[in-house]
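Asks: This is query_4.txt, which holds compact mmCIF, C-alpha atoms:
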# COMPACT_ATOMS: atom_id res chain seq x y z
CA MET A 108 112.42 13.64 -66.49
CA PRO A 109 114.45 11.95 -63.86
CA PRO A 110 112.42 9.63 -61.61
CA LYS A 111 113.20 11.66 -58.54
CA ALA A 112 111.77 14.88 -60.14
CA SER A 113 108.64 13.03 -61.28
CA LYS A 114 108.01 11.76 -57.74
CA GLN A 115 108.34 15.26 -56.30
CA LEU A 116 105.88 16.62 -58.88
CA LYS A 117 103.26 14.05 -57.89
CA GLU A 118 103.70 14.85 -54.24
CA ALA A 119 103.25 18.57 -54.99
CA GLN A 120 100.09 17.85 -56.99
CA LEU A 121 98.64 15.72 -54.12
CA ALA A 122 99.39 18.43 -51.56
CA ALA A 123 97.67 21.03 -53.74
CA ALA A 124 94.61 18.87 -54.14
CA SER A 125 94.45 18.29 -50.36
CA MET A 126 94.61 21.99 -49.67
CA GLU A 127 91.85 22.66 -52.19
CA ASP A 128 89.58 20.08 -50.54
CA SER A 129 90.23 21.57 -47.10
CA ALA A 130 89.41 25.05 -48.31
CA SER A 131 86.22 23.79 -49.93
CA PHE A 132 85.14 22.06 -46.62
CA GLU A 133 85.90 25.19 -44.63
CA ALA A 134 83.92 27.26 -47.08
CA SER A 135 81.00 24.82 -46.89
CA GLN A 136 81.20 24.79 -43.09
CA ALA A 137 81.23 28.56 -43.02
CA ALA A 138 78.16 28.62 -45.27
CA SER A 139 76.33 26.09 -43.04
CA ASP A 140 77.14 28.07 -39.89
CA GLY A 141 75.63 31.16 -41.49
CA ASP A 142 72.28 29.37 -42.32
CA LEU A 143 71.77 27.90 -38.77
CA PRO A 144 69.78 30.82 -37.27
CA LEU A 145 67.47 30.80 -40.27
CA MET A 146 66.94 27.06 -39.93
CA TRP A 147 66.13 27.36 -36.20
CA GLU A 148 63.76 30.17 -36.96
CA LYS A 149 61.88 27.98 -39.47
CA VAL A 150 61.74 25.06 -37.04
CA SER A 151 60.60 27.34 -34.23
CA ASN A 152 57.91 28.84 -36.42
CA ARG A 153 56.71 25.40 -37.45
CA ILE A 154 56.57 24.24 -33.81
CA LEU A 155 54.78 27.39 -32.70
CA LYS A 156 52.30 27.05 -35.55
CA THR A 157 51.52 23.47 -34.57
CA ILE A 158 51.16 24.42 -30.90
CA ASN A 159 48.93 27.37 -31.80
CA GLU A 160 46.74 25.18 -34.00
CA ARG A 161 46.36 22.60 -31.23
CA PHE A 162 45.65 25.29 -28.64
CA ASP A 163 43.04 26.78 -30.99
CA LYS A 164 41.35 23.40 -31.23
CA PHE A 165 41.59 22.93 -27.46
CA GLU A 166 40.13 26.40 -26.91
CA LEU A 167 37.21 25.60 -29.21
CA SER A 168 36.62 22.28 -27.43
CA PHE A 169 36.83 24.00 -24.05
CA GLN A 170 34.34 26.67 -25.13
CA SER A 171 32.00 23.96 -26.41
CA LEU A 172 32.38 22.14 -23.11
CA GLN A 173 31.62 25.34 -21.20
CA THR A 174 28.52 25.90 -23.34
CA SER A 175 27.34 22.33 -22.71
CA LEU A 176 28.05 22.67 -18.98
CA HIS A 177 26.12 25.91 -18.84
CA SER A 178 23.19 24.28 -20.63
CA ILE A 179 23.28 21.30 -18.26
CA THR A 180 23.43 23.64 -15.27
CA GLU A 181 20.38 25.54 -16.52
CA ARG A 182 18.50 22.31 -17.12
CA LEU A 183 19.51 21.03 -13.69
CA ASP A 184 18.29 24.23 -12.05
CA ALA A 185 15.00 23.94 -13.92
CA THR A 186 14.71 20.28 -12.92
CA GLU A 187 15.37 21.11 -9.27
CA GLU A 188 12.66 23.77 -9.39
CA GLN A 189 10.24 21.29 -10.94
CA ILE A 190 11.13 18.67 -8.32
CA GLN A 191 10.59 21.21 -5.54
CA ASP A 192 7.25 22.15 -7.08
CA HIS A 193 6.27 18.48 -7.41
CA GLU A 194 7.29 17.79 -3.80
CA THR A 195 5.13 20.67 -2.65
CA ARG A 196 2.19 19.44 -4.69
CA ILE A 197 2.69 15.84 -3.54
CA SER A 198 2.80 16.97 0.09
CA SER A 199 -0.41 18.91 -0.49
CA LEU A 200 -2.02 15.89 -2.17
CA GLU A 201 -0.90 13.58 0.66
CA ALA A 202 -2.42 15.94 3.23
CA ALA A 203 -5.64 16.13 1.21
CA LEU A 204 -5.69 12.33 0.82
CA SER A 205 -5.15 11.85 4.55
CA GLU A 206 -8.00 14.23 5.31
CA THR A 207 -10.21 12.48 2.74
CA GLN A 208 -9.39 9.08 4.25
CA ARG A 209 -10.19 10.40 7.72
CA LYS A 210 -13.54 11.77 6.55
CA ASN A 211 -14.24 8.59 4.59
CA GLU A 212 -13.59 6.47 7.68
CA ALA A 213 -15.84 8.73 9.76
CA LEU A 214 -18.57 8.47 7.11
CA ARG A 215 -18.13 4.68 6.93
CA LEU A 216 -18.49 4.36 10.69
CA LYS A 217 -21.55 6.62 10.62
CA LEU A 218 -23.04 4.61 7.78
CA ASP A 219 -22.42 1.35 9.65
CA ASP A 220 -24.03 2.87 12.73
CA LEU A 221 -27.07 4.03 10.74
CA GLU A 222 -27.42 0.65 9.06
CA GLY A 223 -27.09 -1.08 12.42
CA ARG A 224 -29.73 1.19 13.92
CA SER A 225 -32.05 0.49 10.99
CA ARG A 226 -31.73 -3.22 11.80
CA ARG A 227 -32.16 -2.68 15.53
CA ASN A 228 -35.61 -4.32 15.57
CA ASN A 229 -34.74 -7.07 13.08
CA ILE A 230 -34.33 -10.78 13.69
CA LYS A 231 -33.02 -13.48 11.36
CA ILE A 232 -34.84 -16.82 11.29
CA VAL A 233 -32.85 -19.70 9.84
CA GLY A 234 -34.09 -23.19 8.88
CA VAL A 235 -37.68 -22.61 7.79
CA PRO A 236 -38.31 -24.51 4.53
CA GLU A 237 -38.99 -22.53 1.37
CA GLY A 238 -42.63 -21.75 0.57
CA GLU A 239 -44.01 -22.24 4.09
CA GLU A 240 -45.06 -18.58 4.27
CA LYS A 241 -47.55 -19.10 1.37
CA GLY A 242 -46.90 -15.65 0.00
CA LYS A 243 -47.64 -13.94 3.34
CA PRO A 244 -44.28 -13.79 5.15
CA THR A 245 -45.25 -11.08 7.66
CA GLU A 246 -48.35 -12.92 8.87
CA PHE A 247 -46.45 -16.21 8.84
CA VAL A 248 -43.67 -14.90 11.12
CA ALA A 249 -46.18 -13.29 13.53
CA ASN A 250 -47.79 -16.72 14.00
CA LEU A 251 -44.53 -18.72 13.87
CA LEU A 252 -42.69 -17.09 16.77
CA PRO A 253 -45.32 -17.82 19.46
CA LYS A 254 -45.45 -21.44 18.26
CA LEU A 255 -41.66 -21.80 18.46
CA LEU A 256 -41.13 -19.96 21.77
CA GLY A 257 -44.40 -20.81 23.54
CA ALA A 258 -47.71 -19.02 23.21
CA ALA A 259 -47.77 -18.48 27.01
CA HIS A 260 -45.01 -15.89 26.60
CA PHE A 261 -47.13 -13.79 24.23
CA THR A 262 -50.19 -12.49 26.02
CA GLU A 263 -50.89 -10.10 23.16
CA PRO A 264 -50.59 -10.62 19.40
CA LEU A 265 -47.02 -10.14 18.16
CA ILE A 266 -46.76 -7.18 15.82
CA VAL A 267 -44.39 -7.76 12.90
CA ASP A 268 -43.96 -4.77 10.59
CA ARG A 269 -42.60 -6.74 7.64
CA ALA A 270 -40.80 -9.95 6.79
CA HIS A 271 -39.08 -11.40 3.71
CA ARG A 272 -36.56 -13.96 2.60
CA VAL A 273 -32.99 -12.72 2.12
CA LEU A 274 -32.44 -11.25 -1.33
CA GLN A 275 -30.89 -14.27 -3.01
CA PRO A 276 -32.05 -16.58 -5.81
CA LYS A 277 -34.43 -19.28 -4.64
CA PRO A 278 -32.40 -22.45 -3.96
CA PRO A 279 -33.18 -25.72 -5.73
CA GLU A 280 -35.32 -28.42 -4.12
CA GLY A 281 -33.56 -30.02 -1.15
CA ALA A 282 -30.98 -27.24 -0.76
CA LYS A 283 -30.57 -25.11 2.36
CA PRO A 284 -33.47 -22.62 2.55
CA ARG A 285 -32.96 -18.89 2.59
CA SER A 286 -33.15 -17.09 5.92
CA ILE A 287 -36.13 -14.91 6.82
CA ILE A 288 -35.56 -11.32 7.92
CA ALA A 289 -38.35 -9.93 10.10
CA ARG A 290 -38.79 -6.52 11.70
CA VAL A 291 -40.54 -6.66 15.07
CA HIS A 292 -42.50 -3.52 15.81
CA PHE A 293 -41.31 -3.09 19.40
CA TYR A 294 -37.62 -3.28 20.32
CA THR A 295 -38.48 -4.75 23.72
CA GLU A 296 -40.38 -7.56 22.01
CA LYS A 297 -37.41 -8.28 19.79
CA GLU A 298 -35.12 -8.47 22.83
CA ARG A 299 -37.59 -10.78 24.60
CA ILE A 300 -37.67 -13.07 21.58
CA LEU A 301 -33.86 -13.31 21.63
CA ARG A 302 -33.87 -14.07 25.37
CA LEU A 303 -36.55 -16.77 24.97
CA ARG A 304 -34.67 -18.57 22.20
CA GLY A 305 -31.56 -18.93 24.39
CA GLY A 306 -30.83 -22.52 25.42
CA ARG A 307 -33.76 -23.94 23.44
CA ASN A 308 -33.92 -26.37 20.55
CA LEU A 309 -36.52 -24.82 18.27
CA ASP A 310 -38.34 -27.13 15.86
CA TYR A 311 -40.72 -26.43 12.99
CA ASN A 312 -42.32 -29.52 11.44
CA GLY A 313 -39.17 -31.54 12.05
CA HIS A 314 -36.78 -28.80 10.89
CA LYS A 315 -34.33 -27.20 13.31
CA VAL A 316 -34.89 -23.45 13.48
CA LEU A 317 -32.44 -20.82 14.76
CA ILE A 318 -33.09 -17.17 15.60
CA PHE A 319 -30.36 -14.52 15.53
CA PRO A 320 -30.08 -10.73 15.65
CA ASP A 321 -29.80 -9.19 12.19
CA TYR A 322 -26.34 -7.62 12.28
CA THR A 323 -24.57 -5.83 9.43
CA ALA A 324 -21.70 -7.64 7.70
CA GLU A 325 -19.20 -5.31 9.39
CA VAL A 326 -20.58 -5.94 12.89
CA LEU A 327 -20.96 -9.64 12.22
CA GLY A 328 -17.30 -9.88 11.21
CA GLN A 329 -16.20 -8.01 14.34
CA ARG A 330 -18.27 -10.28 16.59
CA ARG A 331 -17.01 -13.44 14.88
CA SER A 332 -13.43 -12.40 15.68
CA PHE A 333 -14.19 -13.08 19.38
CA ARG A 334 -15.52 -16.60 18.71
CA ASP A 335 -12.39 -18.52 19.82
CA VAL A 336 -11.99 -16.41 22.96
CA MET A 337 -15.63 -16.95 23.92
CA GLN A 338 -15.27 -20.71 23.44
CA ALA A 339 -12.29 -20.67 25.84
CA LEU A 340 -14.30 -18.64 28.37
CA ARG A 341 -17.25 -21.04 28.13
CA ALA A 342 -14.94 -24.01 28.59
CA GLN A 343 -13.66 -22.48 31.84
CA GLN A 344 -17.18 -21.38 32.87
CA VAL A 345 -16.24 -17.73 33.05
CA VAL A 346 -19.19 -15.34 32.92
CA HIS A 347 -19.01 -13.13 29.84
CA THR A 348 -21.16 -11.26 27.36
CA LEU A 349 -20.61 -9.80 23.90
CA ARG A 350 -22.11 -6.33 23.78
CA PHE A 351 -23.07 -4.42 20.67
CA PRO A 352 -21.38 -3.91 18.32
CA ALA A 353 -18.37 -6.03 19.30
CA LYS A 354 -17.30 -5.50 22.89
CA LEU A 355 -16.45 -8.55 25.00
CA CYS A 356 -17.04 -8.06 28.73
CA VAL A 357 -15.72 -10.63 31.20
CA ARG A 358 -16.56 -10.81 34.91
CA TYR A 359 -13.58 -12.29 36.74
CA LYS A 360 -12.68 -12.13 40.44
CA GLY A 361 -15.41 -9.59 41.11
CA GLN A 362 -14.21 -7.23 38.38
CA LEU A 363 -15.67 -6.46 34.95
CA LYS A 364 -13.12 -6.28 32.16
CA CYS A 365 -14.14 -5.25 28.64
CA PHE A 366 -12.19 -5.74 25.40
CA THR A 367 -12.74 -4.27 21.95
CA SER A 368 -9.74 -6.08 20.46
CA PRO A 369 -9.65 -9.89 20.13
CA SER A 370 -5.87 -9.90 20.67
CA GLU A 371 -6.29 -8.16 24.05
CA ALA A 372 -8.95 -10.68 25.05
CA VAL A 373 -6.70 -13.59 24.02
CA LYS A 374 -3.85 -12.13 26.06
CA PHE A 375 -6.14 -11.85 29.09
CA VAL A 376 -7.24 -15.48 28.76
CA GLU A 377 -3.67 -16.74 28.33
CA THR A 378 -2.29 -14.78 31.31
CA GLU A 379 -5.16 -14.61 33.83
CA LEU A 380 -6.94 -17.89 33.16
CA LYS A 381 -4.08 -20.23 32.34
CA ASP A 382 -4.10 -21.76 35.87
CA VAL A 383 -7.87 -21.89 36.24
Would you mind giving the structure from this file in structure tokens?

Replies:
Amino acid sequence: MPPKASKQLKEAQLAAASMEDSASFEASQAASDGDLPLMWEKVSNRILKTINERFDKFELSFQSLQTSLHSITERLDATEEQIQDHETRISSLEAALSETQRKNEALRLKLDDLEGRSRRNNIKIVGVPEGEEKGKPTEFVANLLPKLLGAAHFTEPLIVDRAHRVLQPKPPEGAKPRSIIARVHFYTEKERILRLRGGRNLDYNGHKVLIFPDYTAEVLGQRRSFRDVMQALRAQQVVHTLRFPAKLCVRYKGQLKCFTSPSEAVKFVETELKDV
């Protein structure tokens, strides 16, 4: 075969092969274009399935959350009711406690008053050595007071209902003796004894003796709270008296002023008497 014919045959073969490849590509492309809707449908179904599964899980979680919230709300409502009930009961208890405290204070004051009245005729004798009464304290006190205050002031025998040492253990030898509590039969006699002891140095066998009213611990504490004020009044020679149970009365510039509170009395001294 001439070379020219051989070359033409090769070119024809190449052209045929190229056309065959092009037809095959077009056929493949046509086949792919036909499967595209089916592919999108599968993808869409897969996406929708995933979304539905996640929404199902979310819906279950949301329902669980709603259930928990409902339970919490019920518990909160119950707690609020309990709190309201407790507040009501606490208010009732506070009112009852306040009333009880008021009654207790009234009873305490009444008890203090009764105790004070029971001691109304009592005197306290301090400084008498232990054992001097020889087992007969009542008789000893009845004879002791005229000796201390002057027999001339007692035209009749002093009547002492009873007498005893304060209820404490007997002190050792050389220690401070216990006080003697004595009940004088007549209140007027008791008051006269207290007036006679004022401004005197009482002595019993070389021992200094003091005589005081027998106040309760409550009254004694109230009266002691005026001690500093009374010292200031004495220093300025201002006439004053401490009335029972604890009422300080001051006579100043022709007027009588009385104080039941130590702070009020201190204020009076600091303002009215500062230039005296």

Asks: If I put a ball of radius 12 Å at (-6.3, -14.6, 26.9) in the file's coordinates, which residues poke into it when counting all atoms listed in the file, written as a list in words?

Replies: Phe333, Asp335, Val336, Met337, Gln338, Ala339, Leu340, Gln343, Leu355, Val357, Lys364, Phe366, Ser368, Pro369, Ser370, Glu371, Ala372, Val373, Lys374, Phe375, Val376, Glu377, Thr378, Glu379, Leu380, Lys381, Asp382 and Val383 of chain A

Asks: How would the residues just picked look written out with C-alpha atoms as a PDB file, in the coordinates of the input?

Replies:
ATOM      1  CA  PHE A 333     -14.190 -13.080  19.380  1.00  0.00           C
ATOM      2  CA  ASP A 335     -12.390 -18.520  19.820  1.00  0.00           C
ATOM      3  CA  VAL A 336     -11.990 -16.410  22.960  1.00  0.00           C
ATOM      4  CA  MET A 337     -15.630 -16.950  23.920  1.00  0.00           C
ATOM      5  CA  GLN A 338     -15.270 -20.710  23.440  1.00  0.00           C
ATOM      6  CA  ALA A 339     -12.290 -20.670  25.840  1.00  0.00           C
ATOM      7  CA  LEU A 340     -14.300 -18.640  28.370  1.00  0.00           C
ATOM      8  CA  GLN A 343     -13.660 -22.480  31.840  1.00  0.00           C
ATOM      9  CA  LEU A 355     -16.450  -8.550  25.000  1.00  0.00           C
ATOM     10  CA  VAL A 357     -15.720 -10.630  31.200  1.00  0.00           C
ATOM     11  CA  LYS A 364     -13.120  -6.280  32.160  1.00  0.00           C
ATOM     12  CA  PHE A 366     -12.190  -5.740  25.400  1.00  0.00           C
ATOM     13  CA  SER A 368      -9.740  -6.080  20.460  1.00  0.00           C
ATOM     14  CA  PRO A 369      -9.650  -9.890  20.130  1.00  0.00           C
ATOM     15  CA  SER A 370      -5.870  -9.900  20.670  1.00  0.00           C
ATOM     16  CA  GLU A 371      -6.290  -8.160  24.050  1.00  0.00           C
ATOM     17  CA  ALA A 372      -8.950 -10.680  25.050  1.00  0.00           C
ATOM     18  CA  VAL A 373      -6.700 -13.590  24.020  1.00  0.00           C
ATOM     19  CA  LYS A 374      -3.850 -12.130  26.060  1.00  0.00           C
ATOM     20  CA  PHE A 375      -6.140 -11.850  29.090  1.00  0.00           C
ATOM     21  CA  VAL A 376      -7.240 -15.480  28.760  1.00  0.00           C
ATOM     22  CA  GLU A 377      -3.670 -16.740  28.330  1.00  0.00           C
ATOM     23  CA  THR A 378      -2.290 -14.780  31.310  1.00  0.00           C
ATOM     24  CA  GLU A 379      -5.160 -14.610  33.830  1.00  0.00           C
ATOM     25  CA  LEU A 380      -6.940 -17.890  33.160  1.00  0.00           C
ATOM     26  CA  LYS A 381      -4.080 -20.230  32.340  1.00  0.00           C
ATOM     27  CA  ASP A 382      -4.100 -21.760  35.870  1.00  0.00           C
ATOM     28  CA  VAL A 383      -7.870 -21.890  36.240  1.00  0.00           C
TER      29      VAL A 383
END

Asks: Which one is closest to A:Arg272: A:Gly242, A:Pro144, A:Gly313, A:Gly257? Count all atoms listed in the file.

Replies: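 Residue with the minimum atom-to-atom distance to A:Arg272: A:Gly242.
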
Asks: Applying 12 Å and all atoms listed in the file, which residues near stretch 278-282 of chain A remain after dropping the ones on its own chain fewer than 5 positions away? List them as a list of chain:residue names.

Replies: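 Result of the neighbour search: A:Gly234, A:Val235, A:Pro236, A:Glu237, A:Gly238, A:Arg272, A:Val273.
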
Asks: Provide an axis-aligned box for all listed atoms of stretch 164-179 of chain A, padding each side by 5 Å; report its centre and its edge lengths in Å to one decimal, as lines of an AutoDock Vina configuration file.

Replies:
center_x = 32.4
center_y = 24.0
center_z = -24.7
size_x = 28.4
size_y = 15.4
size_z = 23.0

Asks: With distances taken over all atoms listed in the file, which of A:Arg224, A:Lys164, A:Lys231, A:Lys354 is nearest to A:Pro320?

Replies: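 Residue with the minimum atom-to-atom distance to A:Pro320: A:Lys231.
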
Asks: Quick one: pull the distance between atom CA of A:Ala324 and atom CA of A:Pro352, Å, one decimal.

Replies: 11.3 Å

Asks: May I have the residues within 8 Å of A:Ile266 as a PyMOL selection string, using only C-alpha atoms and disregarding those fewer than 6 positions away in the same chain?

Replies: chain A and resi 249+291-293
